[in-house]
file my_file_11.tsv (TSV, C-alpha atoms)
chain	number	residue	atom	x	y	z
P	193	MET	CA	-113.74	65.77	67.86
P	194	SER	CA	-111.45	63.09	69.21
P	195	SER	CA	-112.99	59.88	70.41
P	196	THR	CA	-111.05	60.34	73.65
P	197	SER	CA	-113.28	63.26	74.60
P	198	LEU	CA	-116.93	63.39	75.46
P	199	ALA	CA	-119.41	63.94	72.66
P	200	PHE	CA	-118.99	67.24	70.85
P	201	ASP	CA	-122.19	69.26	70.89
P	202	LYS	CA	-121.91	71.56	67.89
P	203	GLU	CA	-125.01	73.52	68.89
P	204	VAL	CA	-123.57	74.31	72.33
P	205	PHE	CA	-120.17	75.22	70.90
P	206	SER	CA	-121.64	77.48	68.21
P	207	SER	CA	-123.96	79.20	70.67
P	208	CYS	CA	-121.03	79.98	72.96
P	209	PHE	CA	-118.66	80.97	70.16
P	210	GLU	CA	-121.11	83.29	68.44
P	211	GLY	CA	-122.31	85.10	71.57
P	212	ARG	CA	-122.00	88.90	71.60
P	213	VAL	CA	-121.89	91.69	74.16
P	214	PRO	CA	-123.47	95.12	73.50
P	215	VAL	CA	-120.77	97.66	74.38
P	216	LEU	CA	-121.21	101.43	74.56
P	217	PHE	CA	-117.87	103.26	74.35
P	218	HIS	CA	-117.78	106.62	76.11
P	219	PHE	CA	-114.88	109.02	75.60
P	220	GLN	CA	-113.21	111.17	78.24
P	221	ASP	CA	-114.18	114.30	76.32
P	222	SER	CA	-117.51	115.28	74.83
P	223	THR	CA	-117.19	113.01	71.80
P	224	GLU	CA	-120.40	111.18	70.97
P	225	PRO	CA	-120.44	107.62	72.39
P	226	VAL	CA	-120.02	104.70	70.00
P	227	PHE	CA	-122.03	101.47	70.14
P	228	HIS	CA	-120.62	98.10	69.05
P	229	LEU	CA	-122.06	94.59	69.30
P	230	ILE	CA	-118.80	92.81	70.11
P	231	PRO	CA	-118.17	89.04	70.01
P	232	ARG	CA	-117.54	87.52	73.43
P	233	ASN	CA	-114.49	85.67	72.11
P	234	THR	CA	-112.70	88.71	70.78
P	235	TYR	CA	-110.54	91.40	72.44
P	236	LEU	CA	-110.99	95.12	73.05
P	237	SER	CA	-107.60	95.76	71.45
P	238	LEU	CA	-109.15	95.04	68.04
P	239	TYR	CA	-111.36	98.12	68.50
P	240	VAL	CA	-108.64	100.61	69.43
P	241	GLU	CA	-107.76	101.56	65.85
P	242	PRO	CA	-111.31	102.49	64.71
P	243	LEU	CA	-111.88	104.36	67.97
P	244	LEU	CA	-108.67	106.32	67.49
P	245	GLN	CA	-109.74	107.25	63.99
P	246	ARG	CA	-112.93	108.65	65.45
P	247	LEU	CA	-110.98	110.66	68.02
P	248	ALA	CA	-108.43	112.05	65.59
P	249	SER	CA	-109.46	115.33	63.96
P	250	PRO	CA	-108.34	116.11	60.39
P	251	ALA	CA	-105.55	118.66	60.02
P	252	GLU	CA	-105.68	121.63	57.62
P	253	ASP	CA	-104.12	119.52	54.88
P	254	GLY	CA	-106.83	116.90	55.32
P	255	THR	CA	-104.58	114.29	56.92
P	256	VAL	CA	-105.60	112.52	60.11
P	257	PRO	CA	-102.99	112.56	62.88
P	258	VAL	CA	-102.08	109.20	64.42
P	259	LEU	CA	-102.65	109.13	68.17
P	260	GLU	CA	-100.30	107.00	70.23
P	261	ARG	CA	-101.85	103.60	70.72
P	262	GLN	CA	-99.89	102.85	73.88
P	263	HIS	CA	-101.70	105.72	75.62
P	264	VAL	CA	-105.20	104.35	75.03
P	265	HIS	CA	-106.91	102.65	77.96
P	266	PHE	CA	-110.31	101.19	78.70
P	267	GLU	CA	-112.17	101.44	81.99
P	268	HIS	CA	-115.48	100.33	83.43
P	269	ASN	CA	-116.60	102.29	86.49
P	270	GLY	CA	-112.99	103.16	87.27
P	271	THR	CA	-111.62	99.63	86.80
P	272	GLN	CA	-108.98	99.31	84.08
P	273	LEU	CA	-109.73	96.58	81.55
P	274	PRO	CA	-106.87	94.27	80.48
P	275	LEU	CA	-106.67	94.11	76.69
P	276	GLY	CA	-105.67	90.44	76.75
P	277	TRP	CA	-108.85	89.19	78.41
P	278	PRO	CA	-111.79	88.20	76.18
P	279	VAL	CA	-114.59	90.76	76.05
P	280	GLY	CA	-117.10	88.25	77.41
P	281	VAL	CA	-114.88	87.58	80.43
P	282	LEU	CA	-114.67	91.31	81.19
P	283	PHE	CA	-118.43	91.64	80.91
P	284	ASP	CA	-119.09	88.65	83.19
P	285	LEU	CA	-116.62	90.00	85.77
P	286	LEU	CA	-117.94	93.55	85.90
P	287	CYS	CA	-121.52	93.73	84.64
P	288	ARG	CA	-124.10	94.83	87.16
P	289	PRO	CA	-127.27	92.85	87.92
P	290	PHE	CA	-130.61	94.59	88.14
P	291	PRO	CA	-131.59	95.68	91.67
P	292	GLY	CA	-133.08	92.80	93.62
P	293	ASP	CA	-131.43	90.07	91.55
P	294	ALA	CA	-130.10	87.30	93.77
P	295	GLY	CA	-128.06	85.83	90.93
P	296	LEU	CA	-128.48	83.63	87.91
P	297	ASN	CA	-130.21	80.30	87.88
P	298	VAL	CA	-128.16	77.30	86.81
P	299	GLY	CA	-128.10	77.15	83.03
P	300	ALA	CA	-129.25	80.75	82.62
P	301	SER	CA	-127.42	83.32	80.52
P	302	VAL	CA	-127.17	87.02	81.32
P	303	PRO	CA	-130.49	88.70	80.35
P	304	ASN	CA	-130.96	89.94	83.94
P	305	PHE	CA	-127.73	91.97	83.79
P	306	LYS	CA	-127.76	95.64	82.87
P	307	LEU	CA	-127.03	96.37	79.23
P	308	PRO	CA	-125.15	97.75	77.41
P	309	PHE	CA	-121.70	97.22	78.91
P	310	LEU	CA	-120.34	100.73	79.51
P	311	VAL	CA	-116.66	101.19	78.62
P	312	THR	CA	-114.80	104.49	78.95
P	313	VAL	CA	-112.02	105.22	76.45
P	314	LEU	CA	-109.12	107.11	78.03
P	315	TYR	CA	-106.23	108.56	76.04
P	316	ASP	CA	-104.44	110.68	78.60
P	317	THR	CA	-100.71	109.97	78.54
P	318	ALA	CA	-100.62	110.21	82.34
P	319	GLN	CA	-102.78	107.11	82.70
P	320	SER	CA	-101.32	103.83	83.94
P	321	LYS	CA	-100.18	101.44	81.23
P	322	GLU	CA	-101.15	98.27	83.07
P	323	SER	CA	-104.18	97.75	80.87
P	324	THR	CA	-102.04	97.63	77.73
P	325	PHE	CA	-100.39	94.39	78.84
P	326	PHE	CA	-101.42	91.02	77.50
P	327	LEU	CA	-101.15	87.80	79.49
P	328	THR	CA	-97.62	87.41	78.16
P	329	GLN	CA	-96.73	90.54	80.16
P	330	ARG	CA	-95.12	92.16	77.14
P	331	PRO	CA	-95.99	95.85	76.68
P	332	LEU	CA	-97.34	96.89	73.32
P	333	GLU	CA	-94.87	98.66	71.08
P	334	ALA	CA	-96.07	101.69	69.16
P	335	THR	CA	-94.55	100.28	65.96
P	336	ILE	CA	-96.63	97.10	66.13
P	337	LYS	CA	-100.20	97.17	64.90
P	338	LEU	CA	-102.59	96.26	67.67
P	339	GLU	CA	-104.27	93.65	65.51
P	340	ASP	CA	-100.93	91.89	64.99
P	341	ALA	CA	-100.17	92.11	68.72
P	342	THR	CA	-103.57	90.61	69.47
P	343	LEU	CA	-102.96	87.86	66.91
P	344	HIS	CA	-99.65	87.00	68.57
P	345	HIS	CA	-101.32	86.96	71.99
P	346	TRP	CA	-104.02	84.61	70.71
P	347	GLN	CA	-101.44	82.32	69.07
P	348	PHE	CA	-99.43	82.24	72.31
P	349	SER	CA	-102.53	81.23	74.29
P	350	CYS	CA	-103.40	78.49	71.78
P	351	LYS	CA	-99.88	77.07	71.95
P	352	MET	CA	-99.97	77.16	75.75
P	353	ALA	CA	-103.32	75.34	75.76
P	354	GLU	CA	-102.01	72.64	73.43
P	355	HIS	CA	-98.87	72.25	75.54
P	356	PHE	CA	-100.97	71.80	78.69
P	357	ALA	CA	-103.22	69.24	77.01
P	358	TYR	CA	-100.73	67.19	74.99
P	359	GLY	CA	-97.25	68.24	76.10
P	360	ALA	CA	-96.43	69.60	72.66
P	361	THR	CA	-97.51	72.28	70.21
P	362	GLU	CA	-97.35	70.27	67.00
P	363	VAL	CA	-100.53	71.69	65.51
P	364	PHE	CA	-99.86	75.38	66.08
P	365	PHE	CA	-96.17	75.30	65.22
P	366	LYS	CA	-97.07	73.67	61.91
P	367	LEU	CA	-99.96	75.99	61.09
P	368	PRO	CA	-99.04	78.30	58.19
P	369	ASP	CA	-99.40	81.96	59.10
P	370	SER	CA	-102.16	82.42	56.53
P	371	VAL	CA	-104.19	79.58	58.07
P	372	SER	CA	-103.65	80.90	61.59
P	373	ARG	CA	-104.83	84.34	60.50
P	374	GLN	CA	-107.89	82.76	58.90
P	375	ALA	CA	-108.87	81.17	62.22
P	376	PHE	CA	-108.16	84.43	64.03
P	377	GLY	CA	-110.36	86.27	61.55
P	378	ALA	CA	-113.30	84.17	62.69
P	379	LEU	CA	-113.10	85.98	66.04
P	380	LYS	CA	-114.11	89.20	64.30
P	381	ASP	CA	-116.57	87.63	61.88
P	382	VAL	CA	-118.13	85.52	64.65
P	383	SER	CA	-118.21	82.40	62.50
P	384	SER	CA	-117.92	79.13	64.42
P	385	LYS	CA	-118.07	77.26	61.10
P	386	ASP	CA	-115.01	79.05	59.72
P	387	TYR	CA	-113.20	78.68	63.02
P	388	LEU	CA	-113.84	74.94	63.30
P	389	GLY	CA	-112.92	74.50	59.64
P	390	VAL	CA	-109.39	75.63	60.46
P	391	MET	CA	-109.05	74.40	64.03
P	392	GLN	CA	-110.56	70.93	63.60
P	393	GLN	CA	-107.08	69.41	63.45
P	394	PHE	CA	-106.49	70.59	67.01
P	395	PHE	CA	-109.49	68.62	68.25
P	396	ASP	CA	-109.20	65.55	66.02
P	397	ARG	CA	-106.49	63.62	67.83
P	398	PRO	CA	-105.83	59.88	67.52
P	399	SER	CA	-107.85	57.83	69.99
P	400	HIS	CA	-104.77	57.10	72.12
P	401	GLU	CA	-103.96	60.81	72.60
P	402	ALA	CA	-106.08	61.71	75.59
P	403	PRO	CA	-105.27	65.13	77.07
P	404	SER	CA	-103.02	65.00	80.12
P	405	PHE	CA	-104.29	68.31	81.45
P	406	LEU	CA	-107.13	70.64	80.51
P	407	PRO	CA	-106.32	74.34	79.90
P	408	PHE	CA	-108.39	76.39	82.34
P	409	ARG	CA	-108.22	79.98	83.53
P	410	LEU	CA	-110.02	81.19	86.63
P	411	TYR	CA	-111.03	84.82	87.20
P	412	VAL	CA	-112.27	86.41	90.43
P	413	SER	CA	-114.39	89.54	90.10
P	414	LYS	CA	-113.57	91.19	93.43
P	415	SER	CA	-109.79	91.13	92.91
P	416	MET	CA	-109.87	91.22	89.08
P	417	SER	CA	-107.29	88.43	89.17
P	418	CYS	CA	-106.57	85.65	86.68
P	419	ILE	CA	-105.18	82.23	87.63
P	420	THR	CA	-103.83	80.05	84.83
P	421	LEU	CA	-103.70	76.49	86.14
P	422	PRO	CA	-104.50	73.35	84.13
P	423	VAL	CA	-106.63	70.58	85.60
P	424	LYS	CA	-106.41	66.81	85.23
P	425	PRO	CA	-109.42	65.43	83.33
P	426	THR	CA	-109.89	62.61	85.84
P	427	LEU	CA	-109.48	62.14	89.57
P	428	GLU	CA	-107.09	59.21	89.76
P	429	ASP	CA	-108.11	58.19	93.29
P	430	ALA	CA	-111.81	58.27	92.50
P	431	GLY	CA	-111.52	56.97	88.94
P	432	ARG	CA	-113.98	59.50	87.54
P	433	ALA	CA	-114.05	62.79	85.70
P	434	THR	CA	-112.97	65.97	87.47
P	435	THR	CA	-115.89	68.38	87.85
P	436	LEU	CA	-115.97	72.15	87.62
P	437	GLY	CA	-116.63	72.43	91.34
P	438	GLU	CA	-113.62	70.26	92.16
P	439	TYR	CA	-111.42	72.35	89.88
P	440	ILE	CA	-112.47	75.58	91.60
P	441	THR	CA	-111.93	74.00	95.02
P	442	ALA	CA	-108.41	72.91	94.05
P	443	VAL	CA	-107.42	76.28	92.56
P	444	ALA	CA	-109.19	78.70	94.90
P	445	PRO	CA	-110.48	76.88	98.00
P	446	SER	CA	-111.38	80.07	99.86
P	447	GLU	CA	-113.51	81.23	96.93
P	448	ALA	CA	-115.03	77.78	96.41
P	449	ALA	CA	-116.47	77.93	99.91
P	450	LYS	CA	-118.55	80.94	98.84
P	451	LEU	CA	-120.09	79.32	95.75
P	452	ASN	CA	-123.89	79.49	95.55
P	453	THR	CA	-124.04	81.89	98.52
P	454	LYS	CA	-121.78	84.80	97.61
P	455	LEU	CA	-120.29	83.67	94.29
P	456	ILE	CA	-121.47	82.08	91.06
P	457	ALA	CA	-119.38	80.47	88.33
P	458	LEU	CA	-119.96	81.70	84.77
P	459	ILE	CA	-118.59	80.43	81.46
P	460	HIS	CA	-119.60	82.45	78.38
P	461	GLY	CA	-122.08	84.24	80.64
P	462	ILE	CA	-123.81	80.98	81.56
P	463	ARG	CA	-124.04	79.64	85.09
P	464	VAL	CA	-122.74	76.12	84.60
P	465	PRO	CA	-123.61	73.35	87.10
P	466	LEU	CA	-120.63	72.66	89.37
P	467	SER	CA	-121.07	68.94	88.68
P	468	THR	CA	-120.20	69.40	84.98
P	469	PRO	CA	-117.10	67.39	83.92
P	470	CYS	CA	-114.17	69.66	83.06
P	471	LEU	CA	-113.45	67.57	79.95
P	472	TRP	CA	-116.95	68.26	78.64
P	473	LEU	CA	-116.38	71.98	79.22
P	474	MET	CA	-113.10	71.91	77.29
P	475	VAL	CA	-114.75	70.14	74.35
P	476	ASN	CA	-117.90	72.23	74.18
P	477	MET	CA	-117.33	75.54	75.97
P	478	CYS	CA	-113.70	76.50	75.46
P	479	HIS	CA	-112.97	79.98	74.16
P	480	ALA	CA	-111.30	80.69	70.85
P	481	ASP	CA	-107.86	80.55	72.50
P	482	MET	CA	-108.56	76.91	73.53
P	483	PHE	CA	-108.81	77.80	77.23
P	484	VAL	CA	-111.92	77.40	79.34
P	485	HIS	CA	-112.36	80.78	81.03
P	486	VAL	CA	-114.24	80.45	84.33
P	487	VAL	CA	-115.47	83.65	85.99
P	488	LEU	CA	-116.28	83.76	89.70
P	489	ARG	CA	-118.45	86.79	90.29
P	490	HIS	CA	-120.10	88.08	93.43
P	491	ILE	CA	-123.87	88.16	93.66

call {"tool": "encode", "arguments": {"input": "my_file_11.tsv", "output": "structure tokens"}}
result
Amino acid sequence: MSSTSLAFDKEVFSSCFEGRVPVLFHFQDSTEPVFHLIPRNTYLSLYVEPLLQRLASPAEDGTVPVLERQHVHFEHNGTQLPLGWPVGVLFDLLCRPFPGDAGLNVGASVPNFKLPFLVTVLYDTAQSKESTFFLTQRPLEATIKLEDATLHHWQFSCKMAEHFAYGATEVFFKLPDSVSRQAFGALKDVSSKDYLGVMQQFFDRPSHEAPSFLPFRLYVSKSMSCITLPVKPTLEDAGRATTLGEYITAVAPSEAAKLNTKLIALIHGIRVPLSTPCLWLMVNMCHADMFVHVVLRHI
């Protein structure tokens, strides 16, 4: 990691990167449910193809018909799930605590939330297509493989994060496609070692290249909304590091007023102290797309 950042804690980063969510996929018909242990950093769109293969029934000639990918949707208790949001973010937004739980303690992960995460697979052509949009707001085309579309979405997010931090996208524009795909593959294999092996050049900046802004995204569970707004690593007036609590206050002041009483802030399913410097979070708890995804969920 760059000497301009706080110390890189490999154990923290690996623990966050390699976290998984147990997901039970239910289908709108009587098809048997399917269980997957899905990496928090990955996307539901990478599981559409195998699920479609399970839904498709062989024809008389033995061939398997191809169902239309753009008509596949995911829901949790009636809420449509955006394909472009990391699985862990969706879980943190929508998972239900056990009865009587007042919320998570600071530093705790999510063992007191009900498992597995129940996801319904819908493939009715009359369903809304909102959930098939990525953050780029481009609808999926039937001719494009979902894995390629997800790769492009991930690359777009990485380039946006680098632009926020350093005002340029030198690393990602120069990455050969094969190398980029290798890093993306680590999302499915859940290997922080392989991921860092490729992405180290993003972090290892010269000492004079401090990030101008930190790439953060804020999610609110009640409205299922996402706010993409970078944060300055330091408060110029105070001459100190910007904290997570100050970031939330700046981005969503009405929600910040509810923290610790009606809302908690989760990153990778962990309730992070609001006094944590945002720069430390970027270095140690960013997602695979280089953004720090902060979830505000009601308790």

call {"tool": "closest_residue", "arguments": {"input": "my_file_11.tsv", "among": "P:Phe364, P:Phe309, P:Phe266, P:Tyr439", "to": "Val213 in chain P", "atoms": "all atoms listed in the file"}}
result
P:Phe309

call {"tool": "residues_around", "arguments": {"input": "my_file_11.tsv", "residues": "Gly389 in chain P", "least_positions_apart": "4", "cutoff": "10 Å", "atoms": "only C-alpha atoms", "output": "list in words"}}
result
Gln374, Ala375, Ser383, Ser384, Lys385 and Gln393 of chain P

call {"tool": "closest_residue", "arguments": {"input": "my_file_11.tsv", "among": "P:Met352, P:Tyr387, P:Ala448, P:Val475", "to": "Ser372 in chain P", "atoms": "only C-alpha atoms"}}
result
P:Tyr387

call {"tool": "closest_residue", "arguments": {"input": "my_file_11.tsv", "among": "P:Leu367, P:Leu410, P:Val443, P:Cys208", "to": "Val486 in chain P", "atoms": "only C-alpha atoms"}}
result
P:Leu410

call {"tool": "closest_residue", "arguments": {"input": "my_file_11.tsv", "among": "P:Glu428, P:Glu267, P:Asp386, P:Glu354", "to": "Leu286 in chain P", "atoms": "only C-alpha atoms"}}
result
P:Glu267

call {"tool": "decode", "arguments": {"input": "my_file_11.tsv", "residues": "range 441-476 of chain P", "atoms": "C-alpha atoms", "output": "CSV table (one decimal), in the first residue's frame"}}
result
chain,number,residue,atom,x,y,z
P,441,THR,CA,-23.6,13.5,8.2
P,442,ALA,CA,-22.4,15.4,5.1
P,443,VAL,CA,-24.2,13.0,2.7
P,444,ALA,CA,-27.4,12.2,4.5
P,445,PRO,CA,-27.8,14.5,7.5
P,446,SER,CA,-31.4,13.4,8.2
P,447,GLU,CA,-30.3,9.8,8.4
P,448,ALA,CA,-27.2,10.6,10.4
P,449,ALA,CA,-29.4,12.0,13.2
P,450,LYS,CA,-30.9,8.5,13.6
P,451,LEU,CA,-27.6,6.7,14.0
P,452,ASN,CA,-27.3,4.5,17.1
P,453,THR,CA,-31.0,4.9,17.8
P,454,LYS,CA,-32.9,3.9,14.7
P,455,LEU,CA,-30.0,3.2,12.3
P,456,ILE,CA,-26.7,1.4,12.3
P,457,ALA,CA,-23.9,1.7,9.7
P,458,LEU,CA,-22.5,-1.6,8.3
P,459,ILE,CA,-19.6,-2.2,6.0
P,460,HIS,CA,-19.1,-5.9,4.9
P,461,GLY,CA,-21.7,-6.7,7.5
P,462,ILE,CA,-19.7,-5.2,10.3
P,463,ARG,CA,-20.8,-2.3,12.5
P,464,VAL,CA,-17.9,0.0,12.2
P,465,PRO,CA,-17.3,2.8,14.8
P,466,LEU,CA,-18.4,6.1,13.5
P,467,SER,CA,-15.0,7.6,14.6
P,468,THR,CA,-13.1,5.4,12.1
P,469,PRO,CA,-11.1,7.5,9.6
P,470,CYS,CA,-12.6,7.2,6.0
P,471,LEU,CA,-9.0,6.8,4.6
P,472,TRP,CA,-8.5,3.7,6.8
P,473,LEU,CA,-11.8,2.3,5.5
P,474,MET,CA,-10.7,2.8,1.9
P,475,VAL,CA,-7.4,1.1,2.5
P,476,ASN,CA,-8.7,-1.8,4.5
